[in-house]
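> I am attaching a structure below and will ask some questions about it afterwards.
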Amino acid sequence: MPYAHARPVTAEEIPTIDLGPLLAGEAGALERTADAIVAACRGLGFYYVGNHGVAPGTVERAFAASRAFFLQDERRKAEIAVNDINRGWMGLGEARMTGAARTDLKELFSWGLELDPDDPEVVAGTPFRGPNRWPARQPGMRRAIYDGFYREGCATASRLLRAVCVGLGLEPDALAPHFEKPMARGQLIYYPPQPAEAGKDQFGVAAHTDFGCLTLVCQDSLGGLQVMSREGEWLAAPPVEGALLVNVGDLLARWSNDRFASTRHRVVNSSGRERFSMAVFYDPAFHTVIDPRDLGLPADETPRYEPTVAGEYQLERFNRVFAHDLKGVDKTAASRASPRAAGASGKDAMAD
């Protein structure tokens, strides 16, 4: 597909950071990891992590559950169609990135932090909060996806967040209170084979930036993820065996006053085969105020962003991308809102 050409990345452009010493509690490992993350985030804002704590068996079981779910009859998947707190299955044609000519060629299965119906946030109707939807016909899926990949992925993200704090000159647990009940969500993504005749406007996922703080991605062996350099060149970010790919989202970019970059990326499945991917999006609690002044700006820096509420920002971004209605979203009002009124920057208005 020549229209989506991307140059292979080099190890310098997307480095691999070994988290083994950090997990082992070695002296100085947190500081060394922080330095490596800062260097990566001053570049593309993407990096691989190895020895990350998500066990190989966990990944295998999660991919097996994903394949079993997506490759079943569509009527069965529709039994747990996505609901108003963004839990469940979303079919082809239900997501279009801002500015994209066509909807994405993908299916999603989404889940989040499992909360009981009597949890105070669920009772209060807080968006994105509530129980997950698991397929009754696939009883092992929750164990493989939630108890395995999601929990281990969130634990890895929590360790990375401590290194991020150190990299910003903060105490390791400075942001931990905002993540005690995180707005962490997970996705299984299925990309059907993309025919060449689909044309140059068709992508598995069109160019966008992620909405939140940290994204951890586990690709299958086919590849297809492309990342835009700061010079505007598309780079192919292939899967690295045993590694997760980590990138910064818009909320962390705002919080850090762009000391950490949120980078545009896209997916093109030109393999001729079915592609599978999994991700954990590690974001703070819904009502967290994202204000760069709270993270100790250098004396010569002025805030580039006004404060915004993490959950409200996420809702506005979801509203512009996904077809289904989300609890707490006034779609008419949101569509009229300016980027500044919605708590977004000019960059946010151009790329999701």
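Following the order of the structure tokens, chains are lettered A, B, ..., residues in each are numbered from 1, and ligands are numbered from 1.
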I want to know what sits within 7 Å of region 143-158 of chain A, based on only C-alpha atoms, with residues of the same chain fewer than 4 positions away left out; could you give that as a PyMOL selection string?

chain A and resi 52-54+58-59+61-62+65+162+186+280+282

> Output as a PyMOL selection string all residues of region 227-339 of chain A that backbone DSSP marks as strand (DSSP E or B).

chain A and resi 227-228+234-236+244-248+265-267+275-282+289-290+308-309+322

> Given only C-alpha atoms, how would the per-residue table for region 7-57 of chain A near region 243-249 of chain A read, listing every residue at most 8 Å away with its closest atom pair and distance in Å to one decimal, sorted by chain and number, as JSON lines?


{"residue": "A:Cys41", "atom": "CA", "partner": "A:Val248", "partner_atom": "CA", "distance": 7.6}
{"residue": "A:Gly45", "atom": "CA", "partner": "A:Asn247", "partner_atom": "CA", "distance": 5.6}
{"residue": "A:Phe46", "atom": "CA", "partner": "A:Asn247", "partner_atom": "CA", "distance": 4.4}
{"residue": "A:Tyr47", "atom": "CA", "partner": "A:Val246", "partner_atom": "CA", "distance": 5.3}
{"residue": "A:Tyr48", "atom": "CA", "partner": "A:Leu245", "partner_atom": "CA", "distance": 4.4}
{"residue": "A:Val49", "atom": "CA", "partner": "A:Leu244", "partner_atom": "CA", "distance": 5.4}
{"residue": "A:Gly50", "atom": "CA", "partner": "A:Ala243", "partner_atom": "CA", "distance": 4.7}
{"residue": "A:Asn51", "atom": "CA", "partner": "A:Ala243", "partner_atom": "CA", "distance": 7.3}
{"residue": "A:His52", "atom": "CA", "partner": "A:Ala243", "partner_atom": "CA", "distance": 7.5}

> Counting only C-alpha atoms, which residue out of A:Ala253, A:Leu44, A:Ala163, A:Val267 sits closest to Pro238 (chain A)?

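With only C-alpha atoms as the atom set, the closest residue is A:Val267.
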
> With only C-alpha atoms counted and 10 Å as the cut-off, give the residues of region 154-222 of chain A in contact with region 128-131 of chain A, each with its shortest interatomic distance in Å and the pair that gives it, as a tab-separated table.


residue	atom	partner	partner_atom	distance
A:Met183	CA	A:Phe128	CA	7.4
A:Ala184	CA	A:Phe128	CA	9.5
A:Arg185	CA	A:Phe128	CA	8.9

> List the spatial neighbours of Gly223 (chain A) as a list of chain:residue names - criterion: any atom at most 6 Å away, only C-alpha atoms, same-chain residues fewer than 2 positions off excluded.

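What passes the distance filter is A:Ser221, A:Leu225, A:Pro238, A:Pro239.
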
> For Gln202 (chain A), which of A:Thr263, A:Ser110, A:Ser270, A:Gln226 is the closest residue, counting only C-alpha atoms?

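Among the listed residues, A:Ser270 lies closest to Gln202 (chain A).
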
> Interatomic distance between CA of Leu235 (chain A) and CA of Cys218 (chain A)?

17.7 Å

> I need the residue nearest Glu13 (chain A) from this list: A:Val227, A:Val268, A:Leu115, A:Leu108. Use only C-alpha atoms for the distance.

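Of A:Val227, A:Val268, A:Leu115, A:Leu108, the one nearest Glu13 (chain A) is A:Val227, counting only C-alpha atoms.
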
> Excluding same-chain residues fewer than 4 positions from region 287-298 of chain A, what lies within 7 Å of it counting only C-alpha atoms, as an MDAnalysis selection string?

chainID A and resid 178 254:257 303 306:311

> Could you write those residues out with N, CA and C atoms, as a compact mmCIF listing (two decimals), in the first residue's frame?


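The result, written out as again05.txt:
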# COMPACT_ATOMS: atom_id res chain seq x y z
N HIS A 178 -4.12 10.16 42.51
CA HIS A 178 -5.07 10.32 41.39
C HIS A 178 -5.34 9.00 40.67
N ARG A 254 -0.49 17.42 28.48
CA ARG A 254 -0.98 18.66 29.09
C ARG A 254 -0.42 18.83 30.49
N TRP A 255 -0.49 17.75 31.28
CA TRP A 255 -0.05 17.80 32.67
C TRP A 255 1.42 18.18 32.76
N SER A 256 2.22 17.67 31.83
CA SER A 256 3.66 17.92 31.84
C SER A 256 4.04 19.18 31.07
N ASN A 257 3.04 19.91 30.61
CA ASN A 257 3.27 21.13 29.82
C ASN A 257 4.10 20.83 28.58
N PRO A 303 2.45 28.13 31.67
CA PRO A 303 1.51 27.05 31.33
C PRO A 303 0.99 27.20 29.90
N GLU A 306 -4.90 25.48 29.89
CA GLU A 306 -5.77 25.77 31.01
C GLU A 306 -6.11 24.46 31.72
N PRO A 307 -6.45 24.51 33.00
CA PRO A 307 -6.85 23.29 33.70
C PRO A 307 -8.06 22.64 33.03
N THR A 308 -8.10 21.32 33.06
CA THR A 308 -9.26 20.58 32.55
C THR A 308 -9.48 19.38 33.46
N VAL A 309 -10.70 18.91 33.52
CA VAL A 309 -11.04 17.73 34.31
C VAL A 309 -10.83 16.49 33.44
N ALA A 310 -10.09 15.52 33.94
CA ALA A 310 -9.69 14.36 33.14
C ALA A 310 -10.89 13.67 32.50
N GLY A 311 -11.91 13.37 33.27
CA GLY A 311 -13.06 12.65 32.73
C GLY A 311 -13.86 13.46 31.73

> Quote the spacing between CA of Glu241 (chain A) and CA of Thr16 (chain A) in Å to one decimal place.

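Atom-to-atom, CA of Glu241 (chain A) to CA of Thr16 (chain A), that is 11.3 Å.
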
> Would you list, as number ranges by chain, the residues of region 111-345 of chain A that end up in alpha helix (DSSP H) under DSSP run on this structure's backbone?

A: 120-123, 141-142, 151-167, 250-255, 310-321, 331-336

> Got a sec: who's within 10 Å of Pro177 (chain A), counting only C-alpha atoms, leaving out chain neighbours fewer than 4 positions off, as a PyMOL selection string?

chain A and resi 173+181-182+284-285+288

> Restricting the output to C-alpha atoms, write the selected residues as a PDB file, in the first residue's frame.


ATOM      1  CA  ASP A 173       4.295   8.661  44.295  1.00  0.00           C
ATOM      2  CA  LYS A 181      -9.307   4.391  41.456  1.00  0.00           C
ATOM      3  CA  PRO A 182      -8.070   4.969  37.922  1.00  0.00           C
ATOM      4  CA  PRO A 284      -6.412   9.080  36.465  1.00  0.00           C
ATOM      5  CA  ALA A 285      -9.712   9.201  38.330  1.00  0.00           C
ATOM      6  CA  THR A 288      -8.778  14.691  38.537  1.00  0.00           C
TER       7      THR A 288
END
